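Enquirer: Got a file for you: final-v2.cif, mmCIF, C-alpha atoms.
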```cif
data_work
#
loop_
_atom_site.label_atom_id
_atom_site.label_comp_id
_atom_site.auth_asym_id
_atom_site.auth_seq_id
_atom_site.Cartn_x
_atom_site.Cartn_y
_atom_site.Cartn_z
CA MET F 1 -36.45 -12.07 -33.79
CA PRO F 2 -38.33 -12.33 -37.14
CA SER F 3 -41.51 -14.31 -37.22
CA PRO F 4 -41.68 -17.75 -38.94
CA LEU F 5 -43.74 -16.22 -41.75
CA ALA F 6 -41.05 -13.59 -42.39
CA LEU F 7 -38.33 -16.26 -42.46
CA LEU F 8 -40.41 -18.29 -44.88
CA ARG F 9 -40.69 -15.32 -47.22
CA ARG F 10 -36.93 -14.71 -47.08
CA VAL F 11 -35.88 -18.24 -48.01
CA ARG F 12 -38.69 -18.86 -50.48
CA PRO F 13 -36.70 -17.78 -53.60
CA LEU F 14 -33.78 -20.06 -52.72
CA LEU F 15 -36.05 -23.01 -52.02
CA VAL F 16 -38.01 -22.49 -55.20
CA THR F 17 -34.68 -22.47 -57.06
CA GLY F 18 -33.99 -25.91 -55.64
CA LEU F 19 -37.37 -27.20 -56.77
CA VAL F 20 -36.84 -25.83 -60.27
CA LEU F 21 -33.49 -27.63 -60.40
CA PHE F 22 -35.08 -30.85 -59.19
CA THR F 23 -37.75 -30.52 -61.86
CA ALA F 24 -35.13 -29.86 -64.52
CA PHE F 25 -32.84 -32.76 -63.52
CA GLY F 26 -35.46 -35.26 -62.45
CA PRO F 27 -37.21 -37.80 -64.65
CA GLY F 28 -40.41 -35.82 -64.43
CA ALA F 29 -38.95 -33.06 -66.57
CA ALA F 30 -39.22 -35.09 -69.76
CA LEU F 31 -42.73 -36.20 -68.94
CA ALA F 32 -43.79 -32.67 -68.13
CA SER F 33 -42.46 -31.36 -71.44
CA ALA F 34 -43.99 -34.19 -73.47
CA ALA F 35 -47.42 -34.27 -71.86
CA PRO F 36 -50.05 -31.99 -73.41
CA SER F 37 -51.50 -29.19 -71.32
CA PRO F 38 -54.74 -30.43 -69.75
CA SER F 39 -57.91 -28.54 -70.47
CA PRO F 40 -59.67 -26.69 -67.68
CA SER F 41 -61.86 -29.01 -65.61
CA PRO F 42 -65.10 -27.59 -64.29
CA THR F 43 -65.68 -27.67 -60.56
CA PRO F 44 -68.76 -26.91 -58.49
CA GLY F 45 -69.58 -23.23 -58.28
CA GLY F 46 -68.46 -22.42 -61.83
CA VAL F 47 -64.74 -22.29 -60.92
CA SER F 48 -62.26 -23.79 -63.39
CA VAL F 49 -58.78 -25.10 -62.51
CA THR F 50 -55.93 -25.04 -65.03
CA LEU F 51 -52.51 -26.70 -64.71
CA ASP F 52 -49.70 -24.71 -66.33
CA GLY F 53 -52.11 -23.38 -68.90
CA GLY F 54 -50.74 -19.85 -68.71
CA ALA F 55 -48.63 -17.43 -66.73
CA THR F 56 -50.60 -17.31 -63.49
CA GLN F 57 -49.22 -16.63 -60.04
CA PRO F 58 -49.06 -19.77 -57.86
CA SER F 59 -51.34 -19.88 -54.86
CA GLN F 60 -50.16 -19.96 -51.25
CA THR F 61 -51.00 -23.67 -50.97
CA VAL F 62 -48.91 -24.52 -54.01
CA THR F 63 -46.03 -22.46 -52.63
CA ILE F 64 -46.10 -24.36 -49.32
CA ILE F 65 -46.07 -27.69 -51.15
CA VAL F 66 -43.14 -26.45 -53.23
CA LEU F 67 -41.19 -25.50 -50.11
CA LEU F 68 -41.78 -28.87 -48.44
CA THR F 69 -40.68 -30.69 -51.59
CA VAL F 70 -37.52 -28.61 -51.89
CA LEU F 71 -36.55 -29.22 -48.27
CA SER F 72 -36.53 -32.97 -48.82
CA LEU F 73 -35.16 -33.34 -52.37
CA ALA F 74 -33.19 -30.29 -53.43
CA PRO F 75 -30.12 -30.28 -51.10
CA ALA F 76 -28.32 -33.03 -53.02
CA LEU F 77 -28.77 -31.18 -56.34
CA LEU F 78 -27.76 -27.85 -54.86
CA ILE F 79 -24.59 -29.39 -53.39
CA LEU F 80 -23.49 -31.27 -56.52
CA THR F 81 -24.13 -28.37 -58.91
CA THR F 82 -22.29 -25.72 -56.88
CA ALA F 83 -18.78 -25.14 -55.54
CA PHE F 84 -19.55 -27.06 -52.33
CA THR F 85 -17.87 -30.29 -53.47
CA LYS F 86 -14.46 -28.74 -54.11
CA VAL F 87 -14.56 -26.56 -51.00
CA ILE F 88 -15.44 -29.34 -48.54
CA VAL F 89 -12.87 -31.75 -50.02
CA VAL F 90 -10.07 -29.16 -49.84
CA LEU F 91 -10.94 -28.25 -46.26
CA SER F 92 -11.04 -31.92 -45.24
CA LEU F 93 -7.66 -32.60 -46.87
CA THR F 94 -6.22 -29.59 -45.07
CA ARG F 95 -7.34 -30.98 -41.74
CA ASN F 96 -5.82 -34.36 -42.55
CA ALA F 97 -2.55 -32.74 -43.62
CA LEU F 98 -2.33 -30.94 -40.30
CA GLY F 99 -2.83 -34.22 -38.47
CA THR F 100 -5.76 -32.96 -36.37
CA GLN F 101 -8.37 -35.61 -37.06
CA THR F 102 -11.30 -33.91 -35.33
CA ILE F 103 -10.21 -30.25 -35.19
CA PRO F 104 -11.86 -28.27 -36.69
CA PRO F 105 -15.04 -30.34 -36.13
CA ASN F 106 -17.06 -31.57 -39.07
CA GLN F 107 -19.83 -29.08 -38.29
CA VAL F 108 -17.39 -26.19 -38.63
CA LEU F 109 -15.97 -27.46 -41.92
CA VAL F 110 -19.40 -28.08 -43.43
CA GLY F 111 -20.65 -24.68 -42.28
CA LEU F 112 -17.60 -22.88 -43.67
CA ALA F 113 -17.88 -24.80 -46.94
CA LEU F 114 -21.57 -23.92 -47.22
CA PHE F 115 -21.06 -20.18 -46.75
CA LEU F 116 -18.01 -20.14 -49.03
CA SER F 117 -20.11 -21.88 -51.67
CA LEU F 118 -22.84 -19.26 -51.29
CA PHE F 119 -20.19 -16.53 -51.59
CA ILE F 120 -18.76 -18.08 -54.76
CA MET F 121 -22.16 -18.82 -56.28
CA ALA F 122 -23.71 -15.44 -55.39
CA PRO F 123 -23.55 -14.01 -58.95
CA VAL F 124 -24.98 -17.22 -60.45
CA LEU F 125 -27.76 -17.47 -57.85
CA SER F 126 -28.61 -13.81 -58.42
CA GLN F 127 -29.00 -14.40 -62.16
CA MET F 128 -31.12 -17.50 -61.55
CA ASN F 129 -33.37 -15.58 -59.18
CA ASP F 130 -33.74 -12.51 -61.43
CA GLN F 131 -34.25 -14.38 -64.69
CA GLY F 132 -36.35 -17.34 -63.62
CA ILE F 133 -37.59 -17.40 -60.03
CA GLN F 134 -38.92 -13.88 -59.56
CA PRO F 135 -40.83 -13.74 -62.89
CA TYR F 136 -42.37 -17.12 -62.09
CA MET F 137 -43.38 -16.09 -58.58
CA LYS F 138 -45.00 -12.96 -60.04
CA GLY F 139 -46.89 -15.03 -62.61
CA ASP F 140 -45.18 -13.46 -65.65
CA ILE F 141 -43.88 -16.75 -67.10
CA THR F 142 -44.92 -20.38 -67.08
CA GLN F 143 -43.22 -23.21 -65.23
CA SER F 144 -41.38 -24.50 -68.32
CA GLN F 145 -40.05 -21.04 -69.06
CA ALA F 146 -38.96 -20.63 -65.44
CA ILE F 147 -37.05 -23.92 -65.57
CA GLU F 148 -35.27 -22.96 -68.78
CA ARG F 149 -34.30 -19.49 -67.56
CA THR F 150 -33.24 -20.70 -64.13
CA VAL F 151 -31.04 -23.55 -65.33
CA LYS F 152 -29.27 -21.50 -68.02
CA PRO F 153 -26.92 -19.53 -65.68
CA LEU F 154 -26.12 -22.71 -63.74
CA ARG F 155 -25.40 -24.60 -66.96
CA THR F 156 -23.03 -21.80 -68.03
CA PHE F 157 -21.23 -21.95 -64.68
CA MET F 158 -20.80 -25.73 -64.78
CA GLY F 159 -19.67 -25.62 -68.40
CA GLU F 160 -16.93 -23.09 -67.61
CA GLN F 161 -15.64 -25.12 -64.64
CA THR F 162 -15.77 -28.57 -66.29
CA ARG F 163 -12.56 -29.90 -67.80
CA PRO F 164 -12.71 -31.14 -71.41
CA ALA F 165 -11.30 -34.56 -70.43
CA GLU F 166 -14.03 -35.28 -67.87
CA LEU F 167 -16.72 -33.99 -70.21
CA ALA F 168 -15.45 -36.15 -73.06
CA THR F 169 -15.41 -39.18 -70.75
CA MET F 170 -19.02 -38.74 -69.72
CA VAL F 171 -20.16 -38.08 -73.28
CA LYS F 172 -18.40 -41.28 -74.39
CA LEU F 173 -19.96 -43.29 -71.59
CA SER F 174 -23.42 -41.94 -72.41
CA GLY F 175 -23.17 -43.43 -75.91
CA GLU F 176 -24.52 -40.26 -77.52
CA GLU F 177 -23.07 -38.30 -80.39
CA LYS F 178 -20.47 -35.68 -79.59
CA PRO F 179 -22.28 -32.36 -79.06
CA ALA F 180 -21.20 -29.29 -80.97
CA THR F 181 -21.04 -27.04 -77.89
CA VAL F 182 -21.31 -27.40 -74.13
CA ASP F 183 -24.83 -25.97 -74.28
CA ASP F 184 -25.91 -29.06 -76.22
CA VAL F 185 -24.72 -31.46 -73.50
CA PRO F 186 -27.64 -32.90 -71.47
CA LEU F 187 -27.69 -31.98 -67.81
CA THR F 188 -27.56 -35.66 -66.84
CA THR F 189 -24.14 -35.79 -68.55
CA LEU F 190 -22.88 -32.35 -67.61
CA VAL F 191 -23.43 -32.70 -63.85
CA PRO F 192 -21.30 -35.87 -63.37
CA ALA F 193 -18.57 -34.36 -65.55
CA PHE F 194 -18.66 -31.19 -63.43
CA VAL F 195 -18.41 -33.18 -60.18
CA LEU F 196 -15.47 -35.25 -61.49
CA SER F 197 -13.70 -32.07 -62.57
CA GLU F 198 -14.27 -30.49 -59.16
CA LEU F 199 -12.88 -33.57 -57.40
CA LYS F 200 -9.79 -33.54 -59.60
CA SER F 201 -9.15 -29.86 -58.89
CA ALA F 202 -9.68 -30.42 -55.17
CA PHE F 203 -7.16 -33.26 -55.06
CA ILE F 204 -4.59 -31.16 -56.93
CA ILE F 205 -4.98 -28.40 -54.35
CA GLY F 206 -4.82 -31.01 -51.58
CA PHE F 207 -1.52 -32.36 -52.94
CA VAL F 208 0.02 -28.88 -52.85
CA ILE F 209 -1.18 -28.47 -49.26
CA PHE F 210 0.25 -31.84 -48.15
CA VAL F 211 3.80 -31.24 -49.44
CA PRO F 212 5.11 -28.79 -46.78
CA PHE F 213 3.55 -30.78 -43.94
CA LEU F 214 5.07 -33.97 -45.33
CA VAL F 215 8.50 -32.33 -45.29
CA ILE F 216 8.05 -31.45 -41.61
CA ASP F 217 7.04 -35.04 -40.78
CA VAL F 218 10.09 -36.44 -42.59
CA VAL F 219 12.48 -34.04 -40.86
CA VAL F 220 11.03 -34.75 -37.42
CA SER F 221 11.15 -38.51 -38.00
CA SER F 222 14.78 -38.34 -39.12
CA VAL F 223 15.78 -36.30 -36.07
CA LEU F 224 14.03 -38.67 -33.67
CA MET F 225 15.66 -41.72 -35.27
CA SER F 226 19.10 -40.12 -35.13
CA MET F 227 18.57 -39.38 -31.42
CA GLY F 228 17.49 -42.96 -30.75
CA MET F 229 13.99 -41.98 -29.62
CA MET F 230 12.27 -44.83 -31.40
CA MET F 231 9.27 -45.09 -29.07
CA LEU F 232 8.22 -41.43 -29.31
CA PRO F 233 5.51 -40.89 -31.97
CA PRO F 234 6.80 -38.45 -34.61
CA ALA F 235 3.29 -37.01 -35.06
CA LEU F 236 3.30 -35.82 -31.47
CA ILE F 237 6.42 -33.72 -32.10
CA SER F 238 5.61 -32.54 -35.63
CA LEU F 239 2.07 -31.36 -34.85
CA PRO F 240 3.11 -28.16 -33.00
CA PHE F 241 5.52 -27.25 -35.82
CA LYS F 242 2.86 -27.80 -38.46
CA LEU F 243 0.37 -25.69 -36.55
CA LEU F 244 2.99 -22.94 -36.11
CA LEU F 245 3.81 -22.98 -39.82
CA PHE F 246 0.14 -22.93 -40.78
CA VAL F 247 -0.58 -19.96 -38.53
CA MET F 248 2.51 -17.99 -39.57
CA VAL F 249 1.67 -18.17 -43.28
CA ASP F 250 -2.04 -17.48 -42.65
CA GLY F 251 -2.99 -20.90 -43.99
CA TRP F 252 -6.77 -20.57 -43.81
CA GLY F 253 -6.64 -17.25 -45.61
CA LEU F 254 -4.45 -18.68 -48.37
CA ILE F 255 -6.72 -21.69 -48.84
CA VAL F 256 -9.90 -19.60 -48.98
CA THR F 257 -8.24 -17.19 -51.42
CA ALA F 258 -7.15 -20.06 -53.66
CA LEU F 259 -10.63 -21.58 -53.64
CA VAL F 260 -12.41 -18.33 -54.47
CA GLN F 261 -9.93 -17.34 -57.18
CA SER F 262 -10.22 -20.74 -58.84
CA TYR F 263 -13.75 -19.73 -59.91
CA ARG F 264 -12.89 -16.20 -61.08
#
```
Show me, as C-alpha cells, the structure contained in the file I just sent.
Expert:
Amino acid sequence: MPSPLALLRRVRPLLVTGLVLFTAFGPGAALASAAPSPSPSPTPGGVSVTLDGGATQPSQTVTIIVLLTVLSLAPALLILTTAFTKVIVVLSLTRNALGTQTIPPNQVLVGLALFLSLFIMAPVLSQMNDQGIQPYMKGDITQSQAIERTVKPLRTFMGEQTRPAELATMVKLSGEEKPATVDDVPLTTLVPAFVLSELKSAFIIGFVIFVPFLVIDVVVSSVLMSMGMMMLPPALISLPFKLLLFVMVDGWGLIVTALVQSYR
C-alpha cells in the first residue's frame, strides 16, 4: 500500500488544476490581475519574500495550502465544467425508466459517472496538466500564465459542447455585447451556457431511453385491464420484462457508448 506522501504526490497535479480553475472563475481572479505586484519586503536575516514576482517554484508549505483549498472549493467547479453533469443525469433517468428506484444505488451511479467523466475528459486534463500545471509546479511560469494556459483547453472543450441557443441566451441575459467568437465569451457566461446545453442533451437522451420502457408499461397495463386484474400493480409485472429487455440489448453498454461518442 503506498504511503500517504506518495498518494499526495500522485493527486497533486489534479488538485492544483482545481485550484487554478477556482482562481480563474472566482472573484479573486480580477483582483489578482488588477493589483500591482508587491515589492519584496525585507525580513530578519536578510531574506526577502516576493509574491508572484517571477517564475519561482512554490514551496512545500504553499503546496499544502493549495491542496487543502482545492479539497474544499474545487469539486463544484470540476463537476460543472466537465462531462459529469450529462453522465449522472442520463444514468439517473435510466434508473427511473427501469422502475428500480434504488438499484443501482446512488453511490454506484455517482462513482460510474465520475470515472466516465475522467475517461471522457482525459485528453483535456492531459493538455491542462502539460501546458499549465507542470510548468507552474516546476517554476517555469508565473501563476497568471499558469491560469491562462490551464483554462484554455477547458474553454475550448466547453465551447465545442455548448449549443448556440444556450450561449446566445446567457450572453443576452448578461447584458454584454455579442462577442465575435466563443473565445471572447467570459467564463462566467460560458459555464452556465455549457451546463444548460449538457442538461438539454441529457434530457434528449433520457427521452429516447424512456420510450421502449413506456411501451412495455402500456402493453402490460392493457393486458391486465383486459383480464380484469385491476388490483395487481402493472409495475410489478412490467419490471421483469423491462429488465430482460435491458439485459438482452446490453443497455448499459449502449448508454455508455452513446455518452462517450457524444463528446467525440
Enquirer: List the spatial neighbours of region 83-93 of chain F as a VMD selection string - criterion: any atom at most 6 Å away, only C-alpha atoms, same-chain residues fewer than 5 positions off excluded.
Expert: chain F and resid 113 117 198 202 206
Enquirer: Looking at F:Thr94, F:Thr82, F:Thr142, F:Ser72, which one is nearest to Leu254 (chain F), with distances taken over only C-alpha atoms?
Expert: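 So, comparing all the options, the nearest one is F:Thr94.
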Enquirer: CA of Gln134 (chain F) to CA of Phe157 (chain F): how many Å, to one decimal?
Expert: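 Between these atoms lies a distance of 20.1 Å.
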Enquirer: Would you be able to write out as a list in words which residues have an atom within 10 Å of (-9.7, -31.3, -64.6) in the file's coordinates, counting all atoms listed in the file?
Expert: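 In the file's frame, the residues around the point are Gln161, Thr162, Arg163, Pro164, Ala165, Glu166, Leu167, Ala193, Phe194, Val195, Leu196, Ser197, Glu198, Leu199, Lys200, Ser201, Ala202 and Ile204 of chain F.
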Enquirer: Using all atoms listed in the file for the distances, tell me which of F:Gln143, F:Thr189, F:Ser262, F:Thr61 is nearest to Lys172 (chain F).
Expert: F:Thr189
Enquirer: What does the structure give for the distance between CA of Tyr263 (chain F) and CA of Ile120 (chain F), in Å to one decimal?
Expert: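 Separation of CA of Tyr263 (chain F) and CA of Ile120 (chain F): 7.4 Å.
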Enquirer: What does the distance between CA of Met170 (chain F) and CA of Leu154 (chain F) come to in Å, to one decimal place?
Expert: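 Between CA of Met170 (chain F) and CA of Leu154 (chain F) the gap works out to 18.5 Å.
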Enquirer: Looking at only C-alpha atoms, which of F:Ile205, F:Leu173, F:Leu187, F:Ile103 is the one that sits closest to Val256 (chain F)?
Expert: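 Closest candidate: F:Ile205.
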Enquirer: Using all atoms listed in the file, which residues sit within 10 Å of Ile216 (chain F) once same-chain residues fewer than 2 positions away are excluded, as an MDAnalysis selection string?
Expert: chainID F and resid 211:214 218:222 234:235 237:239 241:242 245
Enquirer: Hey, which of F:Ala122, F:Leu71, F:Val185, F:Val171 ends up closest to Val260 (chain F)? Count all atoms listed in the file.
Expert: F:Ala122
